[in-house]
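Text of model-v2.pdb, listed as PDB, C-alpha atoms:
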MODEL        1
ATOM      1  CA  MET W   1      26.457  -4.984   4.505  1.00  0.00           C
ATOM      2  CA  ASP W   2      28.272  -8.257   4.299  1.00  0.00           C
ATOM      3  CA  THR W   3      26.931 -11.451   2.812  1.00  0.00           C
ATOM      4  CA  LEU W   4      26.422 -13.261   6.126  1.00  0.00           C
ATOM      5  CA  THR W   5      24.241 -10.471   7.525  1.00  0.00           C
ATOM      6  CA  LEU W   6      22.184 -10.427   4.335  1.00  0.00           C
ATOM      7  CA  MET W   7      21.685 -14.209   4.420  1.00  0.00           C
ATOM      8  CA  ILE W   8      20.630 -14.149   8.077  1.00  0.00           C
ATOM      9  CA  GLY W   9      18.240 -11.264   7.431  1.00  0.00           C
ATOM     10  CA  LEU W  10      16.652 -13.027   4.462  1.00  0.00           C
ATOM     11  CA  GLY W  11      16.379 -16.248   6.458  1.00  0.00           C
ATOM     12  CA  ILE W  12      14.568 -14.461   9.289  1.00  0.00           C
ATOM     13  CA  PHE W  13      12.271 -12.699   6.802  1.00  0.00           C
ATOM     14  CA  PHE W  14      11.311 -15.937   5.039  1.00  0.00           C
ATOM     15  CA  PHE W  15      10.805 -17.725   8.370  1.00  0.00           C
ATOM     16  CA  LEU W  16       8.494 -15.003   9.686  1.00  0.00           C
ATOM     17  CA  MET W  17       6.479 -14.830   6.468  1.00  0.00           C
ATOM     18  CA  THR W  18       6.099 -18.632   6.440  1.00  0.00           C
ATOM     19  CA  CYS W  19       4.845 -18.500  10.049  1.00  0.00           C
ATOM     20  CA  TRP W  20       2.365 -15.777   9.064  1.00  0.00           C
ATOM     21  CA  ALA W  21       1.060 -17.833   6.139  1.00  0.00           C
ATOM     22  CA  ILE W  22       0.620 -20.948   8.285  1.00  0.00           C
ATOM     23  CA  MET W  23      -1.244 -19.006  10.982  1.00  0.00           C
ATOM     24  CA  ASP W  24      -3.402 -17.310   8.344  1.00  0.00           C
ATOM     25  CA  VAL W  25      -4.374 -20.671   6.828  1.00  0.00           C
ATOM     26  CA  ALA W  26      -5.212 -22.005  10.293  1.00  0.00           C
ATOM     27  CA  GLY W  27      -7.547 -19.083  10.995  1.00  0.00           C
ATOM     28  CA  LYS W  28      -9.515 -19.110   7.742  1.00  0.00           C
ATOM     29  CA  ASP W  29     -12.299 -21.235   6.281  1.00  0.00           C
ATOM     30  CA  PHE W  30     -11.643 -22.420   2.736  1.00  0.00           C
ATOM     31  CA  GLY W  31     -14.925 -24.238   2.250  1.00  0.00           C
ATOM     32  CA  SER W  32     -13.571 -27.757   2.721  1.00  0.00           C
ATOM     33  CA  THR W  33     -10.977 -29.560   4.760  1.00  0.00           C
ATOM     34  CA  GLU W  34      -9.160 -30.665   1.601  1.00  0.00           C
ATOM     35  CA  LYS W  35      -8.702 -27.098   0.369  1.00  0.00           C
ATOM     36  CA  LYS W  36      -7.523 -25.940   3.783  1.00  0.00           C
ATOM     37  CA  ALA W  37      -5.039 -28.831   3.939  1.00  0.00           C
ATOM     38  CA  LEU W  38      -3.763 -28.034   0.452  1.00  0.00           C
ATOM     39  CA  TRP W  39      -3.156 -24.375   1.309  1.00  0.00           C
ATOM     40  CA  GLY W  40      -1.528 -25.470   4.562  1.00  0.00           C
ATOM     41  CA  ILE W  41       0.878 -27.728   2.701  1.00  0.00           C
ATOM     42  CA  ILE W  42       1.655 -24.977   0.197  1.00  0.00           C
ATOM     43  CA  ALA W  43       2.324 -22.514   3.032  1.00  0.00           C
ATOM     44  CA  TRP W  44       4.857 -24.975   4.530  1.00  0.00           C
ATOM     45  CA  ILE W  45       7.027 -25.002   1.374  1.00  0.00           C
ATOM     46  CA  PRO W  46      10.263 -23.195   2.288  1.00  0.00           C
ATOM     47  CA  PHE W  47      11.028 -19.836   0.653  1.00  0.00           C
ATOM     48  CA  ILE W  48       8.328 -19.864  -2.017  1.00  0.00           C
ATOM     49  CA  GLY W  49       5.258 -21.310  -0.275  1.00  0.00           C
ATOM     50  CA  PHE W  50       4.198 -18.101   1.415  1.00  0.00           C
ATOM     51  CA  VAL W  51       4.571 -16.217  -1.876  1.00  0.00           C
ATOM     52  CA  ILE W  52       2.273 -18.685  -3.642  1.00  0.00           C
ATOM     53  CA  TYR W  53      -0.202 -18.493  -0.762  1.00  0.00           C
ATOM     54  CA  PHE W  54      -0.096 -14.699  -0.665  1.00  0.00           C
ATOM     55  CA  ILE W  55      -0.689 -14.367  -4.415  1.00  0.00           C
ATOM     56  CA  PHE W  56      -3.304 -17.092  -4.937  1.00  0.00           C
ATOM     57  CA  GLY W  57      -4.751 -18.370  -1.662  1.00  0.00           C
ATOM     58  CA  CYS W  58      -4.897 -15.518   0.813  1.00  0.00           C
ATOM     59  CA  ARG W  59      -8.073 -14.024  -0.633  1.00  0.00           C
ATOM     60  CA  LYS W  60      -9.838 -17.368  -1.192  1.00  0.00           C
ATOM     61  CA  GLY W  61     -10.318 -18.088   2.500  1.00  0.00           C
ATOM     62  CA  LYS W  62     -12.810 -16.266   4.658  1.00  0.00           C
ATOM     63  CA  LYS W  63     -12.370 -15.393   8.296  1.00  0.00           C
ATOM     64  CA  PRO W  64     -15.084 -17.029  10.383  1.00  0.00           C
ATOM     65  CA  ALA W  65     -17.654 -14.694  11.915  1.00  0.00           C
ATOM     66  CA  SER W  66     -16.784 -13.960  15.524  1.00  0.00           C
ATOM     67  CA  ALA W  67     -19.349 -14.990  18.095  1.00  0.00           C
ATOM     68  CA  VAL W  68     -19.956 -12.085  20.440  1.00  0.00           C
TER
ENDMDL
END
Translate the structure of the given file into structure tokens.
Amino acid sequence: MDTLTLMIGLGIFFFLMTCWAIMDVAGKDFGSTEKKALWGIIAWIPFIGFVIYFIFGCRKGKKPASAV
């Protein structure tokens, strides 16, 4: 595997994980708007933001109860 293919693959991986983190923040309730905004900003940080969110913030938010 050459270096260019590796770089493109890592770029796609980090992009997809960042998108996942942003969508996860958008769909969860963190108790206050300020906390949700903070986790949203952290999720937007390139390359490392989704890692920080996954380790520290992912379990803090709760999915809202679905209205059936």
- Could you name the residues that touch Gly49 (chain W) at 10 Å or less, counting only C-alpha atoms, but leaving out those on the same chain fewer than 4 positions away, as a count of residues only? 14
- Message: Here is a test: counting only C-alpha atoms, which residue of W:Leu16, W:Asp29, W:Leu10, W:Asp24 is nearest to Pro64 (chain W)?
- Response: W:Asp29
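Residues matched by the PyMOL selection byres ((chain W and resi 61) around 10) in this file: Asp24, Val25, Gly27, Lys28, Asp29, Phe30, Gly31, Lys35, Lys36, Trp39, Gly57, Cys58, Arg59, Lys60, Lys62, Lys63 and Pro64 of chain W.
For the pair CA of Glu34 (chain W) and CA of Ile48 (chain W), the interatomic distance is 20.9 Å.
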- Message: Using Å and a single decimal, report how far CA of Ile52 (chain W) sits from CA of Met7 (chain W).
- Response: 21.5 Å
- Note on the structure: Atom pair CA of Ile55 (chain W) + CA of Leu6 (chain W), distance 24.8 Å
